[in-house]
Amino acid sequence: MSLRTEVGGGSGESALSVASTPAQPASSALERPPARGRRPVSLQTRSLIAASMALFAFLGLSGFALDQAFYESSLQQLRDRLQGYVWSYLSGSDVTVSGRLVLPEFPPDQRFDRPQSGLYAGVSGKNVSWESPSALGRNLPFEVQLEPNQTRFVGPVETNIGGVFVFSQGVDYAYGDGSKSVRLTFHIAEHQSALERQMQVFRRTLWTWVVILGLMLLAVQLGVLRWSLTPLRKVERDLARVERGESEQLPGHYPRELEGLTETLNDFIQSERYQRTRYRNTLADLAHSLKTPLAVLRNQLDSGEDGERLRRLVDEQVGRMDQIVAYQLSRGATSGHTTFAAALELVAPAEEIVRSLEKVYAAKNVLCEFDIDPGARFHGERGDLMELLGNLLENGFKWCGHRVLLTARRAGPIGARRPGLELLVEDDGPGIAPDQVEHVLQRGVRGDEQVKGHGIGLAIVQDVVKAQRGQLGIDRSPELGGARFTIKLLAS
Amino acid sequence: MRILLVEDEAPLRETLAARLKREGFAVDLAADGEEGLYFGREMPVDIAVIDLGLPKMSGMELVAALRKDGKKFPILILTARSSWQDKVEGLKSGADDYLVKPFHVEELLARLNALVRRASGWTRAVLECGPIALDTTAQTVSASGQQVELTSYEYKVLEYLILHAGELVSKADLTEHIYQQDFDRDSNVLEVFIGRLRKKLDPDNVLKPIETVRGRGYRFAIPRSN
């Protein structure tokens, strides 16, 4: 009682997914992911911003320090100068026998005689008060009395003519026969404008040079940056040429820092090209292999065959086409040895599959045990791992009595970049006779023969294993007595 | 058995439905996910066959929605995608079995039978209650080793009763789960079937396999052997 003609309704959908599924990864690899948010600032801008900020801070601080230092030293100079005037006045002055103060006829500087000259002198003491002609009517702070030899330098002090710096020194004048003395305090004041002028000139020169220096350093920085980014631009240009198809891969030498990147890019380009070729081949294979059963069908239709014979023939060819589609589809989806393979952990996918199988084979009450080394990893696509585990475990569930054992362990040297993996699936079923093993593997490879049990699933497993450059072996399980499938994936 | 078939491909849906009806299922048909959800919620469904690629609401979503509603009937998913990742996803969403398109109808029927049996706690294909054995694959019945000839409706009534052996099955349950909606639901017909079943299974009236619970329904009285 066969109703296999109904199957045609379903195959429309599967034929459709043949075209779409393998094409999907290829197209997504070419499309750029949509940019999210704002573009990050360019390397050049980053570097420039960082350098300018550092430069600005450095030059600003050193300018400020120089300014301060110069101001301090100018103040010290001013103090020394004012003290010099005090000494000049002191040396030129005298006190008469009667105790009257006589100041020198000629002041140490002409400006002491000129009104509003900015330089003022004064003497204060008990019953004594003198101011230089320049200080007349200026109301300068000349009242302070100091102990002999005590000096004081203050400023800028606000007065009615603006800020002034005042140097004062106390003296003890002995007169007469030396038994009498008079205490006096000499004051010299200078208007702050002189110091300000000096500071202004200094600052103008200082900051002009600071700015010139800053600009020069920035220019140097820009040059250095362009020079060090040249290799990156070269990579970009070379990559564009690869994209346009003008060259096969990134040529030439690059600086040590970029070599890792360019090598990986080359790997990537190669594997992408390999994938594309494989998809094309798979598609071509699929088309070719479907044409044979189609030709058979057409011939039979043309030859006027009908009735039971035609029915049987259609059934046969539909089954064959189904197998071809399933096989080529899985072969197209196998990604194999990829450059950027994630290291996949095995327990979670194995558990997912076993939970599924326990549903499907609920009536059998299978006990499936795991012996998975926590360090075991599969390097590849998740889909490939699922196919390996799914097909082998389903095979186990299908043929076992009650027990299935999945073993996974690391293989190969410890230090390898990708450690190898050994996967074993055993069951307590009838097993496969040694003389049948070769036959089963052969059937798997061809994948075009309707075999109950070890059919298309094993072919898929073999494809994945081959793409991963591994080995598949079948023997008898020493522990459970049934079949044992062993997959060895090499370290690299 | 009342089956819900959700499949958007019209030719496949119609041929499958015709075949399922011939095999003795009462079939509810839905062409998209939303319709499927409506039937799944409103009808006393025993089992569902759901295609994964459905318009309006994907098969996966439909399965998840039915499970979220607390529907416990077994679900078999049909899919054109044969990768393990897809199978696992489908079963994770709450389905109990899957079948990859294209498939043989025999395969589907066998899986459906197994699922129905499993759902009512039977593990083997032959349901045995004392001397009465019902083979769900061959759809044959024997009493004390003697083959019993039954019409297809008689078989369906008996199958439903034995699947729920020991439980009270109301007349409404029986009609809903066995008859297509357009069937004449006169309860007399059911009584006639039960009467004939009793006569065929137990001509000497010693086993008394089917009990009448007055005013409430029937119960298959012989306990399960396995």
# chains A, B, ... in the order shown; residues from 1 in each chain; ligands from 1
$ residues_around --residues "Gly195 (chain B)" --least-positions-apart "3" --cutoff "12 Å" --atoms "only C-alpha atoms" --output "list in words"
Glu154, Val157, Leu158, Asn188, Val189, Leu190, Glu191, Val192, Arg198, Lys199, Lys200, Leu201, Asp202, Pro203, Asn205, Lys208, Pro209, Ile210, Glu211, Thr212 and Tyr218 of chain B
$ residues_around --residues "Leu258 (chain A)" --least-positions-apart "3" --cutoff "12 Å" --atoms "only C-alpha atoms" --output "list in words"
Ser228, Leu229, Thr230, Pro231, Leu232, Arg233, Lys234, Val235, Glu236, Leu250, Gly252, His253, Tyr254, Pro255, Leu261, Thr262, Glu263, Thr264 and Leu265 of chain A
$ write_last_selection --atoms "N, CA and C atoms" --output "compact mmCIF listing (two decimals), in the first residue's frame"
# COMPACT_ATOMS: atom_id res chain seq x y z
N SER A 228 53.62 56.66 10.54
CA SER A 228 53.38 55.34 11.14
C SER A 228 52.09 54.72 10.66
N LEU A 229 51.16 55.52 10.15
CA LEU A 229 49.91 54.92 9.65
C LEU A 229 50.02 54.50 8.18
N THR A 230 51.14 54.83 7.56
CA THR A 230 51.29 54.47 6.14
C THR A 230 51.04 52.98 5.89
N PRO A 231 51.61 52.07 6.70
CA PRO A 231 51.36 50.64 6.44
C PRO A 231 49.88 50.30 6.49
N LEU A 232 49.13 50.93 7.40
CA LEU A 232 47.69 50.64 7.49
C LEU A 232 47.00 51.05 6.21
N ARG A 233 47.39 52.24 5.69
CA ARG A 233 46.80 52.69 4.43
C ARG A 233 47.13 51.72 3.31
N LYS A 234 48.35 51.19 3.39
CA LYS A 234 48.77 50.24 2.35
C LYS A 234 47.89 48.99 2.43
N VAL A 235 47.66 48.51 3.66
CA VAL A 235 46.79 47.33 3.83
C VAL A 235 45.42 47.63 3.22
N GLU A 236 44.92 48.83 3.50
CA GLU A 236 43.60 49.21 3.00
C GLU A 236 43.57 49.19 1.47
N LEU A 250 46.69 39.63 0.02
CA LEU A 250 47.50 40.78 0.41
C LEU A 250 48.97 40.46 0.13
N GLY A 252 53.23 41.28 -0.32
CA GLY A 252 54.32 42.03 0.29
C GLY A 252 54.45 41.93 1.79
N HIS A 253 55.33 42.78 2.28
CA HIS A 253 55.66 42.74 3.70
C HIS A 253 55.00 43.89 4.42
N TYR A 254 54.68 43.63 5.65
CA TYR A 254 54.09 44.66 6.50
C TYR A 254 54.85 44.69 7.81
N PRO A 255 54.76 45.79 8.56
CA PRO A 255 55.44 45.84 9.86
C PRO A 255 55.00 44.69 10.76
N LEU A 261 47.58 40.50 11.65
CA LEU A 261 46.33 40.93 11.03
C LEU A 261 46.29 40.54 9.55
N THR A 262 47.38 40.83 8.83
CA THR A 262 47.34 40.56 7.40
C THR A 262 47.33 39.07 7.12
N GLU A 263 48.05 38.30 7.97
CA GLU A 263 48.03 36.85 7.76
C GLU A 263 46.62 36.30 7.96
N THR A 264 45.97 36.77 9.03
CA THR A 264 44.60 36.31 9.30
C THR A 264 43.67 36.73 8.17
N LEU A 265 43.88 37.95 7.67
CA LEU A 265 43.05 38.42 6.56
C LEU A 265 43.24 37.53 5.35
$ select_by_dssp --residues "chain B" --states "strand (DSSP E)" --output "PyMOL selection string"
chain B and resi 2-6+26-30+47-51+75-79+97-100+126-129+132-135+140-143+146-148+168-169+210-213+217-220
$ atom_distance --atom1 "CA of Asp285 (chain A)" --atom2 "CA of Gln328 (chain A)"
7.6 Å
$ residues_around --residues "Ile132 (chain B)" --least-positions-apart "4" --cutoff "8 Å" --atoms "only C-alpha atoms" --output "list in words"
Glu128, Val141, Ser142, Ala143, Ser144, Gly145 and Leu201 of chain B
$ write_last_selection --atoms "N, CA and C atoms" --output "mmCIF file, in the first residue's frame"
data_model
loop_
_atom_site.group_PDB
_atom_site.id
_atom_site.type_symbol
_atom_site.label_atom_id
_atom_site.label_comp_id
_atom_site.auth_asym_id
_atom_site.auth_seq_id
_atom_site.Cartn_x
_atom_site.Cartn_y
_atom_site.Cartn_z
ATOM 1 N N GLU B 128 -2.795 -5.140 25.280
ATOM 2 C CA GLU B 128 -3.402 -6.353 25.814
ATOM 3 C C GLU B 128 -4.111 -6.074 27.131
ATOM 4 N N VAL B 141 -7.975 -7.216 16.057
ATOM 5 C CA VAL B 141 -8.329 -7.489 17.445
ATOM 6 C C VAL B 141 -8.494 -8.994 17.608
ATOM 7 N N SER B 142 -7.992 -9.517 18.726
ATOM 8 C CA SER B 142 -8.236 -10.932 18.988
ATOM 9 C C SER B 142 -8.720 -11.095 20.423
ATOM 10 N N ALA B 143 -9.585 -12.104 20.609
ATOM 11 C CA ALA B 143 -10.057 -12.424 21.956
ATOM 12 C C ALA B 143 -9.719 -13.874 22.205
ATOM 13 N N SER B 144 -8.970 -14.137 23.264
ATOM 14 C CA SER B 144 -8.488 -15.486 23.612
ATOM 15 C C SER B 144 -7.821 -16.140 22.410
ATOM 16 N N GLY B 145 -7.040 -15.337 21.690
ATOM 17 C CA GLY B 145 -6.293 -15.889 20.557
ATOM 18 C C GLY B 145 -7.091 -15.988 19.279
ATOM 19 N N LEU B 201 -16.799 -9.614 20.999
ATOM 20 C CA LEU B 201 -15.660 -9.894 21.866
ATOM 21 C C LEU B 201 -15.978 -10.991 22.877
#
$ residues_around --residues "Gly482 (chain A)" --least-positions-apart "2" --cutoff "10 Å" --atoms "only C-alpha atoms" --output "JSON, numbers by chain"
{"A": [396, 399, 400, 401, 403, 404, 426, 427, 428, 429, 430, 431, 432, 433, 475, 476, 477, 478, 479, 480, 484, 485]}
$ write_last_selection --atoms "N, CA and C atoms" --output "JSON list (two decimals), in the first residue's frame"
[["chain", "number", "residue", "atom", "x", "y", "z"],
["A", 396, "GLY", "N", 23.00, 5.38, 17.55],
["A", 396, "GLY", "CA", 23.09, 4.59, 18.78],
["A", 396, "GLY", "C", 21.71, 4.27, 19.33],
["A", 399, "TRP", "N", 19.86, 1.60, 17.21],
["A", 399, "TRP", "CA", 20.34, 0.22, 17.17],
["A", 399, "TRP", "C", 20.59, -0.38, 18.53],
["A", 400, "CYS", "N", 20.59, 0.42, 19.58],
["A", 400, "CYS", "CA", 20.99, -0.12, 20.87],
["A", 400, "CYS", "C", 19.90, -1.03, 21.43],
["A", 401, "GLY", "N", 20.30, -1.81, 22.46],
["A", 401, "GLY", "CA", 19.30, -2.53, 23.25],
["A", 401, "GLY", "C", 18.71, -1.53, 24.22],
["A", 403, "ARG", "N", 21.35, 0.69, 26.05],
["A", 403, "ARG", "CA", 22.40, 1.61, 26.53],
["A", 403, "ARG", "C", 23.17, 2.23, 25.38],
["A", 404, "VAL", "N", 23.48, 3.52, 25.57],
["A", 404, "VAL", "CA", 24.33, 4.25, 24.64],
["A", 404, "VAL", "C", 25.35, 4.99, 25.49],
["A", 426, "GLU", "N", 29.07, 4.49, 21.55],
["A", 426, "GLU", "CA", 28.94, 3.03, 21.59],
["A", 426, "GLU", "C", 27.53, 2.65, 21.98],
["A", 427, "ASP", "N", 27.11, 1.47, 21.56],
["A", 427, "ASP", "CA", 25.80, 0.99, 22.00],
["A", 427, "ASP", "C", 25.87, -0.50, 22.30],
["A", 428, "ASP", "N", 24.78, -1.03, 22.86],
["A", 428, "ASP", "CA", 24.77, -2.45, 23.19],
["A", 428, "ASP", "C", 23.88, -3.21, 22.21],
["A", 429, "GLY", "N", 23.82, -2.72, 20.98],
["A", 429, "GLY", "CA", 23.02, -3.36, 19.95],
["A", 429, "GLY", "C", 23.76, -4.50, 19.27],
["A", 430, "PRO", "N", 23.29, -4.90, 18.09],
["A", 430, "PRO", "CA", 23.90, -6.04, 17.40],
["A", 430, "PRO", "C", 25.30, -5.73, 16.86],
["A", 431, "GLY", "N", 25.61, -4.44, 16.65],
["A", 431, "GLY", "CA", 26.92, -4.09, 16.14],
["A", 431, "GLY", "C", 27.03, -4.32, 14.64],
["A", 432, "ILE", "N", 28.20, -4.01, 14.10],
["A", 432, "ILE", "CA", 28.41, -4.16, 12.66],
["A", 432, "ILE", "C", 29.55, -5.15, 12.47],
["A", 433, "ALA", "N", 29.29, -6.18, 11.68],
["A", 433, "ALA", "CA", 30.31, -7.21, 11.45],
["A", 433, "ALA", "C", 31.52, -6.58, 10.77],
["A", 475, "ASP", "N", 34.15, -0.04, 14.97],
["A", 475, "ASP", "CA", 34.54, -1.37, 15.44],
["A", 475, "ASP", "C", 33.55, -1.82, 16.52],
["A", 476, "ARG", "N", 33.91, -2.83, 17.27],
["A", 476, "ARG", "CA", 33.00, -3.34, 18.28],
["A", 476, "ARG", "C", 33.32, -2.72, 19.63],
["A", 477, "SER", "N", 32.27, -2.35, 20.36],
["A", 477, "SER", "CA", 32.50, -1.72, 21.66],
["A", 477, "SER", "C", 32.93, -2.75, 22.67],
["A", 478, "PRO", "N", 34.12, -2.57, 23.28],
["A", 478, "PRO", "CA", 34.58, -3.57, 24.25],
["A", 478, "PRO", "C", 33.70, -3.57, 25.51],
["A", 479, "GLU", "N", 33.07, -2.44, 25.79],
["A", 479, "GLU", "CA", 32.33, -2.34, 27.04],
["A", 479, "GLU", "C", 30.88, -2.78, 26.87],
["A", 480, "LEU", "N", 30.23, -2.28, 25.78],
["A", 480, "LEU", "CA", 28.80, -2.54, 25.62],
["A", 480, "LEU", "C", 28.51, -3.66, 24.63],
["A", 484, "ARG", "N", 30.77, 0.53, 17.80],
["A", 484, "ARG", "CA", 31.46, 1.70, 18.37],
["A", 484, "ARG", "C", 31.96, 2.56, 17.22],
["A", 485, "PHE", "N", 31.49, 3.80, 17.18],
["A", 485, "PHE", "CA", 31.94, 4.77, 16.18],
["A", 485, "PHE", "C", 32.98, 5.67, 16.83]]
$ select_by_dssp --residues "region 119-158 of chain B" --states "helix (DSSP H, G or I)" --output "list in words"
Ala119, Ser152, Tyr153, Glu154, Tyr155, Lys156, Val157 and Leu158 of chain B
